[in-house]
$ cat entry-v9.cif   # mmCIF, C-alpha atoms
data_my_file
#
loop_
_atom_site.group_PDB
_atom_site.id
_atom_site.type_symbol
_atom_site.label_atom_id
_atom_site.label_comp_id
_atom_site.auth_asym_id
_atom_site.auth_seq_id
_atom_site.Cartn_x
_atom_site.Cartn_y
_atom_site.Cartn_z
ATOM 1 C CA MET A 17 -18.943 -1.130 -14.979
ATOM 2 C CA ILE A 18 -19.799 0.207 -11.530
ATOM 3 C CA LEU A 19 -17.542 2.918 -10.090
ATOM 4 C CA ARG A 20 -16.280 1.438 -6.821
ATOM 5 C CA LYS A 21 -12.830 2.773 -5.949
ATOM 6 C CA ILE A 22 -11.085 6.134 -5.641
ATOM 7 C CA TYR A 23 -7.360 6.355 -5.025
ATOM 8 C CA LEU A 24 -5.025 9.289 -4.439
ATOM 9 C CA TYR A 25 -1.375 8.327 -4.780
ATOM 10 C CA LEU A 26 1.991 9.435 -6.170
ATOM 11 C CA ASN A 27 3.414 8.472 -9.538
ATOM 12 C CA PRO A 28 5.473 5.344 -8.756
ATOM 13 C CA ASP A 29 7.780 5.970 -11.739
ATOM 14 C CA GLU A 30 9.097 9.184 -10.210
ATOM 15 C CA HIS A 31 11.809 9.012 -7.562
ATOM 16 C CA TRP A 32 10.643 10.752 -4.405
ATOM 17 C CA GLY A 33 13.391 9.547 -2.100
ATOM 18 C CA ASP A 34 12.432 11.362 1.110
ATOM 19 C CA LEU A 35 10.949 9.585 4.141
ATOM 20 C CA ILE A 36 7.867 10.429 6.152
ATOM 21 C CA SER A 37 9.196 10.129 9.694
ATOM 22 C CA ASP A 38 5.945 9.268 11.486
ATOM 23 C CA LEU A 39 5.210 6.196 9.339
ATOM 24 C CA GLY A 40 8.789 5.431 8.380
ATOM 25 C CA PHE A 41 8.057 4.657 4.721
ATOM 26 C CA PRO A 42 9.290 6.244 1.479
ATOM 27 C CA LEU A 43 7.221 9.293 0.557
ATOM 28 C CA ASP A 44 5.121 7.611 -2.129
ATOM 29 C CA THR A 45 4.247 4.638 0.116
ATOM 30 C CA ALA A 46 3.411 6.828 3.112
ATOM 31 C CA PHE A 47 1.305 9.139 0.934
ATOM 32 C CA GLY A 48 -0.805 6.195 -0.228
ATOM 33 C CA PHE A 49 -1.490 5.184 3.371
ATOM 34 C CA LYS A 50 -2.225 8.720 4.524
ATOM 35 C CA THR A 51 -4.821 9.448 1.828
ATOM 36 C CA ARG A 52 -6.927 6.301 2.244
ATOM 37 C CA TYR A 53 -9.119 7.878 4.935
ATOM 38 C CA ILE A 54 -10.582 10.456 2.546
ATOM 39 C CA CYS A 55 -10.761 8.125 -0.458
ATOM 40 C CA ASN A 56 -12.493 5.462 1.619
ATOM 41 C CA TYR A 57 -14.999 8.077 2.798
ATOM 42 C CA LEU A 58 -15.849 9.001 -0.797
ATOM 43 C CA GLU A 59 -16.081 5.343 -1.805
ATOM 44 C CA ARG A 60 -18.612 4.654 0.928
ATOM 45 C CA HIS A 61 -20.496 7.803 -0.100
ATOM 46 C CA LEU A 62 -20.703 6.509 -3.693
ATOM 47 C CA LYS A 63 -21.484 2.884 -2.861
ATOM 48 C CA LYS A 64 -25.245 3.343 -2.725
ATOM 49 C CA LEU A 65 -25.190 5.246 -6.020
ATOM 50 C CA ARG A 66 -23.969 2.280 -8.133
ATOM 51 C CA PHE A 67 -22.844 4.679 -10.838
ATOM 52 C CA ARG A 68 -22.217 3.014 -14.211
ATOM 53 C CA THR A 69 -19.132 4.044 -16.183
ATOM 54 C CA THR A 70 -17.654 3.158 -19.546
ATOM 55 C CA GLY A 71 -14.607 0.922 -19.255
ATOM 56 C CA PHE A 72 -13.414 1.602 -15.709
ATOM 57 C CA ASN A 73 -14.392 0.975 -12.095
ATOM 58 C CA LYS A 74 -11.543 2.859 -10.408
ATOM 59 C CA ILE A 75 -10.450 6.496 -10.454
ATOM 60 C CA CYS A 76 -6.759 6.704 -9.537
ATOM 61 C CA ILE A 77 -5.678 10.324 -9.110
ATOM 62 C CA GLN A 78 -1.928 10.450 -9.506
ATOM 63 C CA GLY A 79 0.218 13.168 -7.962
ATOM 64 C CA SER A 80 3.163 14.038 -10.174
ATOM 65 C CA LYS A 81 6.160 16.360 -10.394
ATOM 66 C CA LEU A 82 4.910 17.291 -13.863
ATOM 67 C CA GLU A 83 3.116 20.638 -14.069
ATOM 68 C CA THR A 84 0.668 19.681 -16.813
ATOM 69 C CA ALA A 85 -2.468 17.786 -15.850
ATOM 70 C CA THR A 86 -3.088 14.794 -18.113
ATOM 71 C CA TRP A 87 -5.261 11.715 -18.017
ATOM 72 C CA ALA A 88 -5.350 8.289 -19.596
ATOM 73 C CA VAL A 89 -7.323 5.078 -19.281
ATOM 74 C CA GLN A 90 -4.814 2.464 -18.181
ATOM 75 C CA GLY A 91 -4.878 -1.213 -17.330
ATOM 76 C CA ALA A 92 -6.911 -2.953 -14.630
ATOM 77 C CA ASN A 93 -10.093 -1.006 -15.483
ATOM 78 C CA ALA A 94 -8.711 2.246 -14.076
ATOM 79 C CA VAL A 95 -8.801 5.830 -15.314
ATOM 80 C CA VAL A 96 -5.844 7.935 -14.164
ATOM 81 C CA PRO A 97 -6.007 11.738 -14.071
ATOM 82 C CA ARG A 98 -2.652 13.320 -13.187
ATOM 83 C CA VAL A 99 -2.324 16.371 -10.941
ATOM 84 C CA SER A 100 0.640 18.395 -9.706
ATOM 85 C CA PHE A 101 2.241 17.480 -6.390
ATOM 86 C CA TYR A 102 4.867 19.517 -4.566
ATOM 87 C CA ALA A 103 6.802 17.449 -2.029
ATOM 88 C CA ASN A 104 8.281 20.479 -0.251
ATOM 89 C CA LEU A 105 4.814 21.936 0.396
ATOM 90 C CA TYR A 106 3.460 18.584 1.520
ATOM 91 C CA GLU A 107 6.272 17.976 3.989
ATOM 92 C CA SER A 108 5.860 21.451 5.480
ATOM 93 C CA LEU A 109 2.281 20.628 6.558
ATOM 94 C CA ASP A 110 1.003 18.547 9.451
ATOM 95 C CA ASP A 111 -1.807 16.001 9.094
ATOM 96 C CA HIS A 112 -4.485 18.555 9.986
ATOM 97 C CA SER A 113 -3.250 21.015 7.364
ATOM 98 C CA ARG A 114 -3.091 18.291 4.720
ATOM 99 C CA HIS A 115 -6.872 17.680 4.695
ATOM 100 C CA GLU A 116 -7.457 20.494 2.234
ATOM 101 C CA LEU A 117 -4.367 19.619 0.172
ATOM 102 C CA TYR A 118 -5.785 16.150 -0.450
ATOM 103 C CA ILE A 119 -9.181 17.645 -1.264
ATOM 104 C CA SER A 120 -7.663 20.099 -3.751
ATOM 105 C CA MET A 121 -5.821 17.248 -5.511
ATOM 106 C CA ILE A 122 -9.010 15.198 -5.701
ATOM 107 C CA LEU A 123 -10.977 18.164 -7.042
ATOM 108 C CA ASP A 124 -8.294 18.920 -9.656
ATOM 109 C CA GLY A 125 -8.228 15.305 -10.772
ATOM 110 C CA MET A 126 -12.003 14.949 -10.941
ATOM 111 C CA SER A 127 -12.350 18.251 -12.819
ATOM 112 C CA SER A 128 -9.784 17.156 -15.392
ATOM 113 C CA LEU A 129 -11.376 13.743 -15.761
ATOM 114 C CA ALA A 130 -14.895 15.180 -16.146
ATOM 115 C CA ASN A 131 -13.754 16.818 -19.397
ATOM 116 C CA HIS A 132 -13.247 13.361 -20.910
ATOM 117 C CA GLN A 133 -15.458 10.914 -19.006
ATOM 118 C CA VAL A 134 -18.929 10.924 -17.496
ATOM 119 C CA ILE A 135 -18.458 10.654 -13.729
ATOM 120 C CA PRO A 136 -20.758 11.467 -10.777
ATOM 121 C CA ILE A 137 -19.093 14.818 -10.149
ATOM 122 C CA ALA A 138 -22.069 16.304 -8.249
ATOM 123 C CA GLU A 139 -22.177 13.359 -5.851
ATOM 124 C CA ILE A 140 -18.421 13.524 -5.334
ATOM 125 C CA LEU A 141 -18.681 17.232 -4.511
ATOM 126 C CA ASN A 142 -21.492 16.443 -2.061
ATOM 127 C CA GLY A 143 -19.312 13.803 -0.438
ATOM 128 C CA ILE A 144 -16.458 16.265 -0.027
ATOM 129 C CA ALA A 145 -18.836 18.845 1.457
ATOM 130 C CA GLU A 146 -20.082 16.281 3.988
ATOM 131 C CA PHE A 147 -16.511 15.275 4.794
ATOM 132 C CA ARG A 148 -15.621 18.887 5.527
ATOM 133 C CA ALA A 149 -18.772 19.471 7.558
ATOM 134 C CA GLY A 150 -17.962 16.406 9.665
ATOM 135 C CA GLY A 151 -14.564 17.774 10.643
ATOM 136 C CA HIS A 152 -12.597 15.732 8.093
ATOM 137 C CA LYS A 153 -13.400 12.537 10.027
ATOM 138 C CA ASN A 154 -14.050 9.096 8.595
ATOM 139 C CA GLU A 155 -15.937 7.143 11.244
ATOM 140 C CA TRP A 156 -18.674 4.568 10.812
ATOM 141 C CA ILE A 157 -20.477 1.692 12.523
ATOM 142 C CA HIS A 158 -19.507 -1.678 11.075
ATOM 143 C CA GLN A 159 -22.164 -3.593 12.996
ATOM 144 C CA SER A 160 -24.482 -3.159 15.971
ATOM 145 C CA LYS A 161 -26.626 -5.797 17.669
ATOM 146 C CA TYR A 162 -29.159 -5.542 20.466
ATOM 147 C CA TYR A 163 -29.781 -8.560 22.701
ATOM 148 C CA ARG A 164 -33.234 -7.993 24.112
ATOM 149 C CA THR A 165 -33.193 -10.705 26.777
ATOM 150 C CA ASP A 166 -30.687 -8.842 28.954
ATOM 151 C CA ARG A 167 -30.838 -5.396 27.342
ATOM 152 C CA VAL A 168 -27.298 -5.462 25.951
ATOM 153 C CA ARG A 169 -26.145 -3.657 22.819
ATOM 154 C CA ALA A 170 -22.791 -4.416 21.195
ATOM 155 C CA THR A 171 -21.381 -2.076 18.561
ATOM 156 C CA LEU A 172 -18.290 -2.190 16.366
ATOM 157 C CA ASN A 173 -17.102 1.352 15.639
ATOM 158 C CA CYS A 174 -14.555 2.033 12.893
ATOM 159 C CA SER A 175 -12.247 5.026 12.585
ATOM 160 C CA LEU A 176 -9.889 5.654 9.667
ATOM 161 C CA THR A 177 -7.357 8.485 9.989
ATOM 162 C CA PRO A 178 -4.226 9.442 8.042
ATOM 163 C CA ASN A 179 -2.169 7.367 10.467
ATOM 164 C CA ASN A 180 -4.187 4.315 11.431
ATOM 165 C CA PHE A 181 -7.371 2.291 11.416
ATOM 166 C CA THR A 182 -9.021 1.347 14.700
ATOM 167 C CA LEU A 183 -11.905 -0.979 15.472
ATOM 168 C CA THR A 184 -13.544 -0.332 18.843
ATOM 169 C CA LEU A 185 -15.975 -2.649 20.572
ATOM 170 C CA GLU A 186 -18.529 -0.841 22.733
ATOM 171 C CA ILE A 187 -20.927 -2.752 24.958
ATOM 172 C CA ASN A 188 -23.838 -1.029 26.676
ATOM 173 C CA LYS A 189 -26.182 -2.596 29.221
ATOM 174 C CA ASP A 190 -29.328 -0.832 30.400
ATOM 175 C CA GLY A 191 -28.037 2.311 28.693
ATOM 176 C CA HIS A 192 -24.702 2.305 30.521
ATOM 177 C CA THR A 193 -21.324 1.609 28.913
ATOM 178 C CA VAL A 194 -19.749 -1.506 30.432
ATOM 179 C CA LEU A 195 -16.927 -1.886 27.902
ATOM 180 C CA LYS A 196 -15.264 0.353 25.342
ATOM 181 C CA GLU A 197 -12.032 -1.060 23.984
ATOM 182 C CA ILE A 198 -9.929 -0.849 20.821
ATOM 183 C CA ILE A 199 -9.710 -4.442 19.643
ATOM 184 C CA LEU A 200 -7.877 -3.860 16.358
ATOM 185 C CA GLU A 201 -5.396 -1.241 15.194
ATOM 186 C CA SER A 202 -3.533 -1.273 11.884
ATOM 187 C CA LEU A 203 -2.047 0.847 9.148
ATOM 188 C CA PRO A 204 -4.777 2.821 7.325
ATOM 189 C CA ASP A 205 -5.398 0.521 4.357
ATOM 190 C CA GLU A 206 -8.347 -1.789 3.663
ATOM 191 C CA ILE A 207 -5.991 -4.466 2.315
ATOM 192 C CA ILE A 208 -4.706 -4.819 5.875
ATOM 193 C CA PHE A 209 -7.873 -4.483 7.952
ATOM 194 C CA ALA A 210 -10.940 -5.238 5.804
ATOM 195 C CA HIS A 211 -10.697 -9.039 6.047
ATOM 196 C CA GLN A 212 -10.756 -8.761 9.840
ATOM 197 C CA LEU A 213 -14.121 -6.973 9.916
ATOM 198 C CA GLY A 214 -16.513 -9.837 10.453
ATOM 199 C CA SER A 215 -19.497 -10.176 12.754
ATOM 200 C CA LEU A 216 -20.700 -9.933 16.334
ATOM 201 C CA GLU A 217 -21.906 -13.035 18.171
ATOM 202 C CA ARG A 218 -23.290 -13.678 21.640
ATOM 203 C CA SER A 219 -22.087 -16.724 23.558
ATOM 204 C CA GLU A 220 -23.658 -17.043 27.003
ATOM 205 C CA ASP A 221 -22.385 -13.989 28.922
ATOM 206 C CA THR A 222 -19.687 -12.882 26.462
ATOM 207 C CA ILE A 223 -19.499 -11.058 23.131
ATOM 208 C CA ILE A 224 -17.368 -12.608 20.392
ATOM 209 C CA VAL A 225 -16.052 -10.631 17.428
ATOM 210 C CA ARG A 226 -15.243 -12.843 14.463
ATOM 211 C CA GLN A 227 -13.158 -12.121 11.388
ATOM 212 C CA LYS A 228 -14.670 -12.657 7.933
ATOM 213 C CA GLY A 229 -13.174 -16.135 7.741
ATOM 214 C CA GLY A 230 -14.742 -17.108 11.066
ATOM 215 C CA ALA A 231 -11.677 -16.930 13.306
ATOM 216 C CA ASN A 232 -12.034 -15.176 16.667
ATOM 217 C CA LEU A 233 -10.711 -11.618 16.716
ATOM 218 C CA TYR A 234 -11.840 -10.803 20.264
ATOM 219 C CA ARG A 235 -13.840 -12.262 23.139
ATOM 220 C CA SER A 236 -15.113 -10.046 25.919
ATOM 221 C CA THR A 237 -15.098 -10.845 29.613
ATOM 222 C CA SER A 238 -18.416 -11.602 31.283
ATOM 223 C CA ILE A 239 -21.027 -8.854 30.965
#

$ encode --input "entry-v9.cif" --output "C-alpha cells"
Amino acid sequence: MILRKIYLYLNPDEHWGDLISDLGFPLDTAFGFKTRYICNYLERHLKKLRFRTTGFNKICIQGSKLETATWAVQGANAVVPRVSFYANLYESLDDHSRHELYISMILDGMSSLANHQVIPIAEILNGIAEFRAGGHKNEWIHQSKYYRTDRVRATLNCSLTPNNFTLTLEINKDGHTVLKEIILESLPDEIIFAHQLGSLERSEDTIIVRQKGGANLYRSTSI
C-alpha cells in the first residue's frame, strides 16, 4: 500500500466533555478540525514520495488520557500509535502556542510507530522542519493559468489554518492585481472543501471557477 494520510485526533472512546469556545464543538471534534492544517501539510509533503507500506495507508496518531504509549494496526488499513494528551495544558494554550504541541504529538507517535513498522521517518522529519521554517503555515497554489492574448493570470490560492480553509482567487493583468477575493471559506477539513476545488476557465472577459463536479463556484466581473 501507499502511505497517503496522516491524522492527529483524540481517542473517541474517552469522554472529553469540555467545549472549544471558538469552534463550538466538543473537544475531540474541535481537536480533529484544528490539527488538519499540519497533517495536510505532511500529506502533501509525502505525496510525491509514494512510500510503500505493509498493510496500511494511514497513520492515525491518537491522543489519549493514558500515560503509556501503545500502537496497534486497526481496521480500514490504518496503523494507530497512541500518545499522551493533557486537556488542561491544551486548553491553556492559544492557536499559535499549539503548533509545537501538535508537532510533539506527531513526533512521539511516529517515533513509537517506527519501532514496529517501516515508515518514511526521515521525510516526515524534513516535512516538519520545512513547516517550522515556513512559520507553521500551510498555503499552496491549487491552480494558476496564464491567458496570453490579454496578458491575464488567474490563480487559486489555498490556505489551511487551525480555524478555517480559504480559497482566494487572484487575477493579475499586465502585472497588476485587478482582483483578489476569498471565494470559499469553510471549516478546516478536506471532507468539506476538497470537492469544491475544481478548475479555472476563461469565458470571454470573465474568469469562472468550477467545482470538481462541474458546477460554478464563482464567476468574476469583467476584467

$ resolve_selection --input "entry-v9.cif" --expression "the PyMOL selection byres ((chain A and resi 99) around 12)" --output "JSON, numbers by chain"
{"A": [24, 25, 26, 27, 76, 77, 78, 79, 80, 81, 82, 83, 84, 85, 86, 87, 96, 97, 98, 100, 101, 102, 117, 118, 119, 120, 121, 122, 123, 124, 125, 126, 127, 128, 129]}

$ write_last_selection --input "entry-v9.cif" --atoms "C-alpha atoms" --output "PDB file, in the coordinates of the input"
ATOM      1  CA  LEU A  24      -5.025   9.289  -4.439  1.00  0.00           C
ATOM      2  CA  TYR A  25      -1.375   8.327  -4.780  1.00  0.00           C
ATOM      3  CA  LEU A  26       1.991   9.435  -6.170  1.00  0.00           C
ATOM      4  CA  ASN A  27       3.414   8.472  -9.538  1.00  0.00           C
ATOM      5  CA  CYS A  76      -6.759   6.704  -9.537  1.00  0.00           C
ATOM      6  CA  ILE A  77      -5.678  10.324  -9.110  1.00  0.00           C
ATOM      7  CA  GLN A  78      -1.928  10.450  -9.506  1.00  0.00           C
ATOM      8  CA  GLY A  79       0.218  13.168  -7.962  1.00  0.00           C
ATOM      9  CA  SER A  80       3.163  14.038 -10.174  1.00  0.00           C
ATOM     10  CA  LYS A  81       6.160  16.360 -10.394  1.00  0.00           C
ATOM     11  CA  LEU A  82       4.910  17.291 -13.863  1.00  0.00           C
ATOM     12  CA  GLU A  83       3.116  20.638 -14.069  1.00  0.00           C
ATOM     13  CA  THR A  84       0.668  19.681 -16.813  1.00  0.00           C
ATOM     14  CA  ALA A  85      -2.468  17.786 -15.850  1.00  0.00           C
ATOM     15  CA  THR A  86      -3.088  14.794 -18.113  1.00  0.00           C
ATOM     16  CA  TRP A  87      -5.261  11.715 -18.017  1.00  0.00           C
ATOM     17  CA  VAL A  96      -5.844   7.935 -14.164  1.00  0.00           C
ATOM     18  CA  PRO A  97      -6.007  11.738 -14.071  1.00  0.00           C
ATOM     19  CA  ARG A  98      -2.652  13.320 -13.187  1.00  0.00           C
ATOM     20  CA  SER A 100       0.640  18.395  -9.706  1.00  0.00           C
ATOM     21  CA  PHE A 101       2.241  17.480  -6.390  1.00  0.00           C
ATOM     22  CA  TYR A 102       4.867  19.517  -4.566  1.00  0.00           C
ATOM     23  CA  LEU A 117      -4.367  19.619   0.172  1.00  0.00           C
ATOM     24  CA  TYR A 118      -5.785  16.150  -0.450  1.00  0.00           C
ATOM     25  CA  ILE A 119      -9.181  17.645  -1.264  1.00  0.00           C
ATOM     26  CA  SER A 120      -7.663  20.099  -3.751  1.00  0.00           C
ATOM     27  CA  MET A 121      -5.821  17.248  -5.511  1.00  0.00           C
ATOM     28  CA  ILE A 122      -9.010  15.198  -5.701  1.00  0.00           C
ATOM     29  CA  LEU A 123     -10.977  18.164  -7.042  1.00  0.00           C
ATOM     30  CA  ASP A 124      -8.294  18.920  -9.656  1.00  0.00           C
ATOM     31  CA  GLY A 125      -8.228  15.305 -10.772  1.00  0.00           C
ATOM     32  CA  MET A 126     -12.003  14.949 -10.941  1.00  0.00           C
ATOM     33  CA  SER A 127     -12.350  18.251 -12.819  1.00  0.00           C
ATOM     34  CA  SER A 128      -9.784  17.156 -15.392  1.00  0.00           C
ATOM     35  CA  LEU A 129     -11.376  13.743 -15.761  1.00  0.00           C
TER      36      LEU A 129
END

$ residues_around --input "entry-v9.cif" --residues "Ile18 in chain A" --least-positions-apart "3" --cutoff "7 Å" --atoms "only C-alpha atoms" --output "PyMOL selection string"
chain A and resi 66-69+73

$ atom_distance --input "entry-v9.cif" --atom1 "CA of Gly40 in chain A" --atom2 "CA of Asp205 in chain A"
15.5 Å

$ closest_residue --input "entry-v9.cif" --among "A:Glu206, A:Glu116, A:Glu186, A:Glu139" --to "Val225 in chain A" --atoms "all atoms listed in the file"
A:Glu186

$ resolve_selection --input "entry-v9.cif" --expression "the PyMOL selection byres ((chain A and resi 31) around 12)" --output "PDB file with C-alpha atoms, keeping the file's coordinate frame"
ATOM      1  CA  LEU A  26       1.991   9.435  -6.170  1.00  0.00           C
ATOM      2  CA  ASN A  27       3.414   8.472  -9.538  1.00  0.00           C
ATOM      3  CA  PRO A  28       5.473   5.344  -8.756  1.00  0.00           C
ATOM      4  CA  ASP A  29       7.780   5.970 -11.739  1.00  0.00           C
ATOM      5  CA  GLU A  30       9.097   9.184 -10.210  1.00  0.00           C
ATOM      6  CA  TRP A  32      10.643  10.752  -4.405  1.00  0.00           C
ATOM      7  CA  GLY A  33      13.391   9.547  -2.100  1.00  0.00           C
ATOM      8  CA  ASP A  34      12.432  11.362   1.110  1.00  0.00           C
ATOM      9  CA  LEU A  35      10.949   9.585   4.141  1.00  0.00           C
ATOM     10  CA  PRO A  42       9.290   6.244   1.479  1.00  0.00           C
ATOM     11  CA  LEU A  43       7.221   9.293   0.557  1.00  0.00           C
ATOM     12  CA  ASP A  44       5.121   7.611  -2.129  1.00  0.00           C
ATOM     13  CA  THR A  45       4.247   4.638   0.116  1.00  0.00           C
ATOM     14  CA  SER A  80       3.163  14.038 -10.174  1.00  0.00           C
ATOM     15  CA  LYS A  81       6.160  16.360 -10.394  1.00  0.00           C
ATOM     16  CA  ALA A 103       6.802  17.449  -2.029  1.00  0.00           C
TER      17      ALA A 103
END

$ resolve_selection --input "entry-v9.cif" --expression "the PyMOL selection byres ((chain A and resi 175) around 12)" --output "PyMOL selection string"
chain A and resi 52-54+56-57+152-158+172-174+176-185+198+200-206+209

$ axis_aligned_box --input "entry-v9.cif" --around "range 135-148 of chain A" --padding-each-side "6 Å" --output "lines of an AutoDock Vina configuration file"
center_x = -18.9
center_y = 14.8
center_z = -4.1
size_x = 18.6
size_y = 20.2
size_z = 31.3

$ atom_distance --input "entry-v9.cif" --atom1 "CA of Gly191 in chain A" --atom2 "CA of Arg169 in chain A"
8.6 Å

$ closest_residue --input "entry-v9.cif" --among "A:Ile224, A:Ile140, A:Leu105, A:Cys55" --to "Ser238 in chain A" --atoms "all atoms listed in the file"
A:Ile224

$ residues_near_point --input "entry-v9.cif" --point "(-12.9, -15.1, 17.9)" --cutoff "12 Å" --atoms "all atoms listed in the file" --output "list of chain:residue names"
A:Ile199, A:Gln212, A:Leu213, A:Gly214, A:Ser215, A:Leu216, A:Glu217, A:Arg218, A:Ser219, A:Thr222, A:Ile223, A:Ile224, A:Val225, A:Arg226, A:Gln227, A:Lys228, A:Gly229, A:Gly230, A:Ala231, A:Asn232, A:Leu233, A:Tyr234, A:Arg235, A:Ser236

$ write_last_selection --input "entry-v9.cif" --atoms "C-alpha atoms" --output "short mmCIF file (atom, residue, chain, number, x, y, z; two decimals), in the coordinates of the input"
data_model
loop_
_atom_site.label_atom_id
_atom_site.label_comp_id
_atom_site.auth_asym_id
_atom_site.auth_seq_id
_atom_site.Cartn_x
_atom_site.Cartn_y
_atom_site.Cartn_z
CA ILE A 199 -9.71 -4.44 19.64
CA GLN A 212 -10.76 -8.76 9.84
CA LEU A 213 -14.12 -6.97 9.92
CA GLY A 214 -16.51 -9.84 10.45
CA SER A 215 -19.50 -10.18 12.75
CA LEU A 216 -20.70 -9.93 16.33
CA GLU A 217 -21.91 -13.04 18.17
CA ARG A 218 -23.29 -13.68 21.64
CA SER A 219 -22.09 -16.72 23.56
CA THR A 222 -19.69 -12.88 26.46
CA ILE A 223 -19.50 -11.06 23.13
CA ILE A 224 -17.37 -12.61 20.39
CA VAL A 225 -16.05 -10.63 17.43
CA ARG A 226 -15.24 -12.84 14.46
CA GLN A 227 -13.16 -12.12 11.39
CA LYS A 228 -14.67 -12.66 7.93
CA GLY A 229 -13.17 -16.14 7.74
CA GLY A 230 -14.74 -17.11 11.07
CA ALA A 231 -11.68 -16.93 13.31
CA ASN A 232 -12.03 -15.18 16.67
CA LEU A 233 -10.71 -11.62 16.72
CA TYR A 234 -11.84 -10.80 20.26
CA ARG A 235 -13.84 -12.26 23.14
CA SER A 236 -15.11 -10.05 25.92
#

$ residues_near_point --input "entry-v9.cif" --point "(-9.1, -3.3, -15.5)" --cutoff "8 Å" --atoms "all atoms listed in the file" --output "JSON, numbers by chain"
{"A": [71, 72, 73, 90, 91, 92, 93, 94]}

$ atom_distance --input "entry-v9.cif" --atom1 "CA of Met17 in chain A" --atom2 "CA of Thr70 in chain A"
6.4 Å

$ closest_residue --input "entry-v9.cif" --among "A:Tyr23, A:Ile137, A:Arg164, A:His61" --to "Phe49 in chain A" --atoms "all atoms listed in the file"
A:Tyr23
